[in-house]
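Comments concern the structure below.
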Amino acid sequence: MTSITPALAGRTALVTGAASGIGRAVAERLAAEGAALLLLDLDEAGVKDAAAELGGEGLAVDLGDPRAVAELGLGERGVDVLVNNAGLQHVAPVQDFDPDRFALIHRVMLQAPFLLARELLPGMYERGWGRLVHVSSVHGHRASAYKAAYVSAKHGLEGLSKVIALEAAGTGVTSNTVAPGYVRTPLVEGQVADQARSHGISEDEVLDEVLLARQPVKRLVEPAEVAGVVAFLCGPGTDSLTGSSYRLDGGWTAA
């Protein structure tokens, strides 16, 4: 019987925000594709648990601290796949938005992906192969009120990915984004429950009338769906797939 070699056998994948949600689903899928894992998260217990379950190494790091990122020495780790996923949210009108919170969101969601790419690209270029996949959002293409930091960071991430794609053209390295709508994560499910209580409506009504009001397909995206697109972009036959954004938004941006 002929055995099939997993698509990412012999490759090392770094995933940020890997302790839970999308990041953990991505790590699980890339491990199934044969990749060795290097997982980063602020949640030390969570990332260690993920690494123990999936294999590989889990490192606790504050991606909002550029010095902490530099001290990891990731350029020496032979990383072939970088998945920038870590993120956080804060909701407030611009005039009330805490500047420190705004800066933190940008450090985690835009500066850290830049710093990680800067650290890892030389090795990818030297080996002649690499995949950068940035978990963006529908908010990288559309705006929502009260999310100034998140929306601007995601728009910036979309631009950063395109610049890397242009600079890496012809090297065997690609850069793309995956842009989901609302994903079924503990954070989003908590928001649904809170809004249902505060508005005195059902959770289904919150989904249909609040979170998914602009989305034709009235359901949350599953983390495994995002992980599937990430894995596809890292798989065979993708050398020409670069500089693009793959939207899992239930038709939101089609309207």
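Chain labels A, B, ... are given in the sequence in which chains occur in the structure tokens; within each chain residues are numbered consecutively from 1, and ligands are likewise numbered from 1 in the order shown.
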Could you give me, as a Markdown table, a per-residue list for stretch 61-104 of chain A showing, wherever an atom lies at most 12 Å from an atom of stretch 222-231 of chain A, the closest pair of atoms and their distance in Å to one decimal, using only C-alpha atoms and sorting by chain then residue number from low to high?
| residue | atom | partner | partner_atom | distance |
| --- | --- | --- | --- | --- |
| A:Val81 | CA | A:Ala231 | CA | 10.1 |
| A:Leu82 | CA | A:Val230 | CA | 10.3 |
| A:Val83 | CA | A:Val230 | CA | 8.1 |
| A:Asn84 | CA | A:Val230 | CA | 10.7 |
| A:Asn85 | CA | A:Val230 | CA | 10.7 |
* To do: For each of A:Gln89, A:Gln215, A:Thr171, A:Thr177, take the minimum atom-to-atom distance to A:Val133, counting only C-alpha atoms, then give the residue where this is smallest.
  => A:Thr177
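Interatomic distance, atom CA of A:Leu110 against atom CA of A:Gly250: 24.9 Å.
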* Residues near A:Thr185, cut-off 12 Å, only C-alpha atoms, skip fewer than 5 positions along chain, as a PyMOL selection string -> chain A and resi 19-25+190-192+220-224+226
Go ahead and dump the residues you just picked, N, CA and C atoms, as a PDB file, in the first residue's frame.
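Once written, part-v9.pdb looks like this:
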ATOM      1  N   ALA A  19      -3.763  29.275  22.207  1.00  0.00           N
ATOM      2  CA  ALA A  19      -4.290  28.572  23.378  1.00  0.00           C
ATOM      3  C   ALA A  19      -5.749  28.187  23.227  1.00  0.00           C
ATOM      4  N   SER A  20      -6.503  28.903  22.406  1.00  0.00           N
ATOM      5  CA  SER A  20      -7.933  28.632  22.297  1.00  0.00           C
ATOM      6  C   SER A  20      -8.470  29.177  20.973  1.00  0.00           C
ATOM      7  N   GLY A  21      -9.756  28.939  20.735  1.00  0.00           N
ATOM      8  CA  GLY A  21     -10.442  29.539  19.597  1.00  0.00           C
ATOM      9  C   GLY A  21      -9.832  29.197  18.256  1.00  0.00           C
ATOM     10  N   ILE A  22      -9.736  30.212  17.402  1.00  0.00           N
ATOM     11  CA  ILE A  22      -9.219  30.015  16.048  1.00  0.00           C
ATOM     12  C   ILE A  22      -7.791  29.487  16.087  1.00  0.00           C
ATOM     13  N   GLY A  23      -6.952  30.052  16.933  1.00  0.00           N
ATOM     14  CA  GLY A  23      -5.548  29.661  16.978  1.00  0.00           C
ATOM     15  C   GLY A  23      -5.364  28.194  17.296  1.00  0.00           C
ATOM     16  N   ARG A  24      -6.133  27.710  18.254  1.00  0.00           N
ATOM     17  CA  ARG A  24      -6.007  26.292  18.609  1.00  0.00           C
ATOM     18  C   ARG A  24      -6.513  25.396  17.481  1.00  0.00           C
ATOM     19  N   ALA A  25      -7.603  25.821  16.830  1.00  0.00           N
ATOM     20  CA  ALA A  25      -8.116  25.040  15.702  1.00  0.00           C
ATOM     21  C   ALA A  25      -7.102  24.995  14.568  1.00  0.00           C
ATOM     22  N   GLY A 190     -19.829  34.579  24.572  1.00  0.00           N
ATOM     23  CA  GLY A 190     -20.074  35.380  25.764  1.00  0.00           C
ATOM     24  C   GLY A 190     -20.763  36.687  25.433  1.00  0.00           C
ATOM     25  N   GLN A 191     -20.365  37.308  24.319  1.00  0.00           N
ATOM     26  CA  GLN A 191     -21.009  38.550  23.886  1.00  0.00           C
ATOM     27  C   GLN A 191     -22.482  38.313  23.547  1.00  0.00           C
ATOM     28  N   VAL A 192     -22.767  37.195  22.902  1.00  0.00           N
ATOM     29  CA  VAL A 192     -24.144  36.869  22.548  1.00  0.00           C
ATOM     30  C   VAL A 192     -24.992  36.720  23.810  1.00  0.00           C
ATOM     31  N   LEU A 220     -22.755  31.632  12.744  1.00  0.00           N
ATOM     32  CA  LEU A 220     -21.365  31.931  13.060  1.00  0.00           C
ATOM     33  C   LEU A 220     -20.442  31.022  12.248  1.00  0.00           C
ATOM     34  N   VAL A 221     -19.278  31.537  11.928  1.00  0.00           N
ATOM     35  CA  VAL A 221     -18.229  30.735  11.304  1.00  0.00           C
ATOM     36  C   VAL A 221     -17.619  29.827  12.374  1.00  0.00           C
ATOM     37  N   GLU A 222     -17.359  28.597  12.025  1.00  0.00           N
ATOM     38  CA  GLU A 222     -16.719  27.671  12.970  1.00  0.00           C
ATOM     39  C   GLU A 222     -15.199  27.803  12.871  1.00  0.00           C
ATOM     40  N   PRO A 223     -14.487  27.719  14.007  1.00  0.00           N
ATOM     41  CA  PRO A 223     -13.028  27.808  13.967  1.00  0.00           C
ATOM     42  C   PRO A 223     -12.388  26.828  12.985  1.00  0.00           C
ATOM     43  N   ALA A 224     -12.960  25.636  12.868  1.00  0.00           N
ATOM     44  CA  ALA A 224     -12.394  24.634  11.958  1.00  0.00           C
ATOM     45  C   ALA A 224     -12.464  25.089  10.511  1.00  0.00           C
ATOM     46  N   VAL A 226     -12.063  28.226   9.464  1.00  0.00           N
ATOM     47  CA  VAL A 226     -10.920  29.124   9.299  1.00  0.00           C
ATOM     48  C   VAL A 226      -9.635  28.296   9.189  1.00  0.00           C
TER      49      VAL A 226
END
Against stretch 142-153 of chain A, which residues of stretch 190-252 of chain A fall within 12 Å? For each one I want the closest pair of atoms and the distance in Å (one decimal), counting only C-alpha atoms, rows by chain and increasing residue number, as a Markdown table.
| residue | atom | partner | partner_atom | distance |
| --- | --- | --- | --- | --- |
| A:Val210 | CA | A:Ser144 | CA | 11.9 |
| A:Leu211 | CA | A:Ser144 | CA | 10.8 |
| A:Ala213 | CA | A:Ser144 | CA | 11.9 |
| A:Arg214 | CA | A:Ser144 | CA | 10.6 |
| A:Gln215 | CA | A:Arg142 | CA | 11.9 |
| A:Arg247 | CA | A:Arg142 | CA | 11.6 |
| A:Asp249 | CA | A:Arg142 | CA | 10.9 |
| A:Trp252 | CA | A:Arg142 | CA | 9.0 |
Output for the residues just chosen: N, CA and C atoms as an mmCIF file, in the first residue's frame:
data_model
loop_
_atom_site.group_PDB
_atom_site.id
_atom_site.type_symbol
_atom_site.label_atom_id
_atom_site.label_comp_id
_atom_site.auth_asym_id
_atom_site.auth_seq_id
_atom_site.Cartn_x
_atom_site.Cartn_y
_atom_site.Cartn_z
ATOM 1 N N VAL A 210 -28.429 41.420 15.560
ATOM 2 C CA VAL A 210 -27.317 42.262 16.012
ATOM 3 C C VAL A 210 -26.021 41.838 15.311
ATOM 4 N N LEU A 211 -25.449 40.720 15.725
ATOM 5 C CA LEU A 211 -24.138 40.326 15.188
ATOM 6 C C LEU A 211 -24.193 40.035 13.693
ATOM 7 N N ALA A 213 -26.550 40.892 11.470
ATOM 8 C CA ALA A 213 -27.522 41.721 10.752
ATOM 9 C C ALA A 213 -27.096 42.003 9.325
ATOM 10 N N ARG A 214 -25.787 42.170 9.091
ATOM 11 C CA ARG A 214 -25.288 42.501 7.750
ATOM 12 C C ARG A 214 -24.780 41.279 6.989
ATOM 13 N N GLN A 215 -24.960 40.104 7.572
ATOM 14 C CA GLN A 215 -24.427 38.881 6.967
ATOM 15 C C GLN A 215 -25.574 38.022 6.428
ATOM 16 N N ARG A 247 -12.145 35.440 2.196
ATOM 17 C CA ARG A 247 -13.194 35.903 3.100
ATOM 18 C C ARG A 247 -14.179 34.783 3.430
ATOM 19 N N ASP A 249 -17.135 35.211 5.237
ATOM 20 C CA ASP A 249 -17.980 36.204 5.902
ATOM 21 C C ASP A 249 -19.465 36.019 5.623
ATOM 22 N N TRP A 252 -21.170 38.803 3.663
ATOM 23 C CA TRP A 252 -21.220 40.142 4.222
ATOM 24 C C TRP A 252 -20.682 41.178 3.232
#
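Summary of the local environment: counting only C-alpha atoms, residues at most 12 Å from A:Gly251, other than itself and those fewer than 5 positions away along its chain, are Val138, Ala179, Pro180, Gly181, Leu212, Ala213, Arg214, Gln215, Pro216, Val217, Lys218, Arg219, Val221 and Tyr246 of chain A.
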Write the residues of the selection above to a file with C-alpha atoms, as a PDB file, in the first residue's frame.
ATOM      1  CA  VAL A 138     -14.344  41.060   7.684  1.00  0.00           C
ATOM      2  CA  ALA A 179     -10.926  37.207   6.782  1.00  0.00           C
ATOM      3  CA  PRO A 180     -13.808  35.587   8.669  1.00  0.00           C
ATOM      4  CA  GLY A 181     -16.973  37.169   9.932  1.00  0.00           C
ATOM      5  CA  LEU A 212     -25.282  38.863  11.862  1.00  0.00           C
ATOM      6  CA  ALA A 213     -27.522  41.721  10.752  1.00  0.00           C
ATOM      7  CA  ARG A 214     -25.288  42.501   7.750  1.00  0.00           C
ATOM      8  CA  GLN A 215     -24.427  38.881   6.967  1.00  0.00           C
ATOM      9  CA  PRO A 216     -26.735  36.995   4.549  1.00  0.00           C
ATOM     10  CA  VAL A 217     -25.744  33.568   5.916  1.00  0.00           C
ATOM     11  CA  LYS A 218     -27.165  33.699   9.440  1.00  0.00           C
ATOM     12  CA  ARG A 219     -24.714  31.568  11.351  1.00  0.00           C
ATOM     13  CA  VAL A 221     -18.229  30.735  11.304  1.00  0.00           C
ATOM     14  CA  TYR A 246      -9.887  34.827   1.585  1.00  0.00           C
TER      15      TYR A 246
END
All strand (DSSP E or B) residues (DSSP, backbone) inside stretch 9-218 of chain A, as a PDB file with N, CA and C atoms, in the first residue's frame:
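The result, written out as states_19.pdb:
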ATOM      1  N   THR A  12       7.902  23.451   9.990  1.00  0.00           N
ATOM      2  CA  THR A  12       7.593  23.965  11.320  1.00  0.00           C
ATOM      3  C   THR A  12       6.639  25.141  11.189  1.00  0.00           C
ATOM      4  N   ALA A  13       5.553  25.109  11.954  1.00  0.00           N
ATOM      5  CA  ALA A  13       4.540  26.157  11.900  1.00  0.00           C
ATOM      6  C   ALA A  13       4.460  26.887  13.230  1.00  0.00           C
ATOM      7  N   LEU A  14       4.508  28.197  13.170  1.00  0.00           N
ATOM      8  CA  LEU A  14       4.337  29.046  14.350  1.00  0.00           C
ATOM      9  C   LEU A  14       2.934  29.648  14.297  1.00  0.00           C
ATOM     10  N   VAL A  15       2.171  29.479  15.360  1.00  0.00           N
ATOM     11  CA  VAL A  15       0.812  29.999  15.442  1.00  0.00           C
ATOM     12  C   VAL A  15       0.699  30.871  16.682  1.00  0.00           C
ATOM     13  N   THR A  16       0.254  32.111  16.517  1.00  0.00           N
ATOM     14  CA  THR A  16       0.052  32.980  17.678  1.00  0.00           C
ATOM     15  C   THR A  16      -1.410  32.918  18.122  1.00  0.00           C
ATOM     16  N   ALA A  36       5.394  20.387  12.522  1.00  0.00           N
ATOM     17  CA  ALA A  36       5.833  20.538  13.901  1.00  0.00           C
ATOM     18  C   ALA A  36       5.352  21.910  14.376  1.00  0.00           C
ATOM     19  N   LEU A  37       4.900  22.001  15.626  1.00  0.00           N
ATOM     20  CA  LEU A  37       4.250  23.210  16.109  1.00  0.00           C
ATOM     21  C   LEU A  37       5.114  24.005  17.075  1.00  0.00           C
ATOM     22  N   LEU A  38       5.066  25.319  16.897  1.00  0.00           N
ATOM     23  CA  LEU A  38       5.604  26.266  17.863  1.00  0.00           C
ATOM     24  C   LEU A  38       4.462  27.226  18.162  1.00  0.00           C
ATOM     25  N   LEU A  39       3.902  27.144  19.361  1.00  0.00           N
ATOM     26  CA  LEU A  39       2.682  27.858  19.704  1.00  0.00           C
ATOM     27  C   LEU A  39       2.975  28.993  20.675  1.00  0.00           C
ATOM     28  N   LEU A  40       2.403  30.167  20.400  1.00  0.00           N
ATOM     29  CA  LEU A  40       2.586  31.335  21.251  1.00  0.00           C
ATOM     30  C   LEU A  40       1.243  31.820  21.763  1.00  0.00           C
ATOM     31  N   ASP A  41       1.214  32.253  23.024  1.00  0.00           N
ATOM     32  CA  ASP A  41       0.003  32.835  23.587  1.00  0.00           C
ATOM     33  C   ASP A  41       0.361  33.528  24.895  1.00  0.00           C
ATOM     34  N   GLU A  57       5.858  22.739  20.888  1.00  0.00           N
ATOM     35  CA  GLU A  57       6.309  23.560  22.007  1.00  0.00           C
ATOM     36  C   GLU A  57       5.362  24.736  22.183  1.00  0.00           C
ATOM     37  N   GLY A  58       5.019  25.024  23.430  1.00  0.00           N
ATOM     38  CA  GLY A  58       4.169  26.166  23.741  1.00  0.00           C
ATOM     39  C   GLY A  58       4.932  27.202  24.540  1.00  0.00           C
ATOM     40  N   LEU A  59       4.919  28.439  24.087  1.00  0.00           N
ATOM     41  CA  LEU A  59       5.643  29.515  24.750  1.00  0.00           C
ATOM     42  C   LEU A  59       4.677  30.619  25.155  1.00  0.00           C
ATOM     43  N   ALA A  60       4.771  31.053  26.400  1.00  0.00           N
ATOM     44  CA  ALA A  60       3.979  32.183  26.863  1.00  0.00           C
ATOM     45  C   ALA A  60       4.731  33.472  26.547  1.00  0.00           C
ATOM     46  N   VAL A  81       6.141  28.211   8.409  1.00  0.00           N
ATOM     47  CA  VAL A  81       4.771  28.717   8.319  1.00  0.00           C
ATOM     48  C   VAL A  81       4.527  29.644   9.504  1.00  0.00           C
ATOM     49  N   LEU A  82       4.096  30.862   9.223  1.00  0.00           N
ATOM     50  CA  LEU A  82       3.737  31.814  10.270  1.00  0.00           C
ATOM     51  C   LEU A  82       2.251  32.119  10.149  1.00  0.00           C
ATOM     52  N   VAL A  83       1.506  31.863  11.217  1.00  0.00           N
ATOM     53  CA  VAL A  83       0.087  32.203  11.262  1.00  0.00           C
ATOM     54  C   VAL A  83      -0.109  33.264  12.333  1.00  0.00           C
ATOM     55  N   ASN A  84      -0.332  34.496  11.898  1.00  0.00           N
ATOM     56  CA  ASN A  84      -0.581  35.607  12.817  1.00  0.00           C
ATOM     57  C   ASN A  84      -2.064  35.634  13.161  1.00  0.00           C
ATOM     58  N   ALA A  92     -15.672  51.171  22.046  1.00  0.00           N
ATOM     59  CA  ALA A  92     -15.951  52.502  22.601  1.00  0.00           C
ATOM     60  C   ALA A  92     -15.969  53.499  21.456  1.00  0.00           C
ATOM     61  N   GLY A 130       8.088  29.347   2.089  1.00  0.00           N
ATOM     62  CA  GLY A 130       7.484  29.872   3.312  1.00  0.00           C
ATOM     63  C   GLY A 130       6.042  30.257   3.069  1.00  0.00           C
ATOM     64  N   ARG A 131       5.255  30.207   4.134  1.00  0.00           N
ATOM     65  CA  ARG A 131       3.859  30.598   4.060  1.00  0.00           C
ATOM     66  C   ARG A 131       3.536  31.508   5.253  1.00  0.00           C
ATOM     67  N   LEU A 132       3.072  32.717   4.940  1.00  0.00           N
ATOM     68  CA  LEU A 132       2.571  33.621   5.963  1.00  0.00           C
ATOM     69  C   LEU A 132       1.064  33.736   5.763  1.00  0.00           C
ATOM     70  N   VAL A 133       0.317  33.403   6.789  1.00  0.00           N
ATOM     71  CA  VAL A 133      -1.137  33.520   6.745  1.00  0.00           C
ATOM     72  C   VAL A 133      -1.557  34.362   7.947  1.00  0.00           C
ATOM     73  N   HIS A 134      -2.193  35.470   7.670  1.00  0.00           N
ATOM     74  CA  HIS A 134      -2.595  36.408   8.708  1.00  0.00           C
ATOM     75  C   HIS A 134      -4.101  36.298   8.896  1.00  0.00           C
ATOM     76  N   VAL A 135      -4.528  35.974  10.111  1.00  0.00           N
ATOM     77  CA  VAL A 135      -5.966  35.887  10.375  1.00  0.00           C
ATOM     78  C   VAL A 135      -6.486  37.304  10.562  1.00  0.00           C
ATOM     79  N   LYS A 147     -15.308  50.428  17.025  1.00  0.00           N
ATOM     80  CA  LYS A 147     -14.197  49.466  16.986  1.00  0.00           C
ATOM     81  C   LYS A 147     -13.001  50.074  16.260  1.00  0.00           C
ATOM     82  N   VAL A 173       7.972  32.149  -1.231  1.00  0.00           N
ATOM     83  CA  VAL A 173       7.268  32.567  -0.016  1.00  0.00           C
ATOM     84  C   VAL A 173       6.001  33.310  -0.416  1.00  0.00           C
ATOM     85  N   THR A 174       4.883  32.977   0.219  1.00  0.00           N
ATOM     86  CA  THR A 174       3.621  33.650  -0.065  1.00  0.00           C
ATOM     87  C   THR A 174       3.058  34.289   1.200  1.00  0.00           C
ATOM     88  N   SER A 175       2.192  35.275   1.003  1.00  0.00           N
ATOM     89  CA  SER A 175       1.551  35.964   2.124  1.00  0.00           C
ATOM     90  C   SER A 175       0.101  36.234   1.755  1.00  0.00           C
ATOM     91  N   ASN A 176      -0.814  35.768   2.600  1.00  0.00           N
ATOM     92  CA  ASN A 176      -2.242  35.948   2.380  1.00  0.00           C
ATOM     93  C   ASN A 176      -2.942  36.200   3.714  1.00  0.00           C
ATOM     94  N   THR A 177      -4.176  36.678   3.618  1.00  0.00           N
ATOM     95  CA  THR A 177      -4.997  36.807   4.811  1.00  0.00           C
ATOM     96  C   THR A 177      -6.231  35.920   4.695  1.00  0.00           C
ATOM     97  N   VAL A 178      -6.761  35.546   5.836  1.00  0.00           N
ATOM     98  CA  VAL A 178      -8.050  34.871   5.942  1.00  0.00           C
ATOM     99  C   VAL A 178      -8.943  35.796   6.759  1.00  0.00           C
ATOM    100  N   ALA A 179     -10.091  36.154   6.194  1.00  0.00           N
ATOM    101  CA  ALA A 179     -10.926  37.207   6.782  1.00  0.00           C
ATOM    102  C   ALA A 179     -12.322  36.679   7.115  1.00  0.00           C
ATOM    103  N   PRO A 180     -12.488  36.100   8.300  1.00  0.00           N
ATOM    104  CA  PRO A 180     -13.808  35.587   8.669  1.00  0.00           C
ATOM    105  C   PRO A 180     -14.720  36.678   9.220  1.00  0.00           C
ATOM    106  N   VAL A 183     -16.873  34.531  14.441  1.00  0.00           N
ATOM    107  CA  VAL A 183     -16.491  33.132  14.592  1.00  0.00           C
ATOM    108  C   VAL A 183     -16.989  32.621  15.943  1.00  0.00           C
TER     109      VAL A 183
END
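Each of A:Gln95, A:Gly87, A:Ser245, A:Val69 was checked against A:Leu233 using only C-alpha atoms; the smallest atom-to-atom distance is that of A:Ser245.
One distance worth recording is that between atom CA of A:Gly140 and atom CA of A:Val188, which is 17.7 Å.
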Could you pull the residues within 7 Å of A:Leu8, counting only C-alpha atoms, minus those fewer than 6 positions along the same chain, as a PDB file with C-alpha atoms, in the first residue's frame?
ATOM      1  CA  GLU A  33      -1.044  18.059   8.075  1.00  0.00           C
ATOM      2  CA  GLY A  34       2.292  16.959   9.540  1.00  0.00           C
ATOM      3  CA  ALA A  35       3.729  20.263  10.772  1.00  0.00           C
TER       4      ALA A  35
END
* Contacts of A:Gly172 within 10 Å, only C-alpha atoms, excl. fewer than 5 positions in-chain, as a PyMOL selection string -> chain A and resi 124-131+238-240
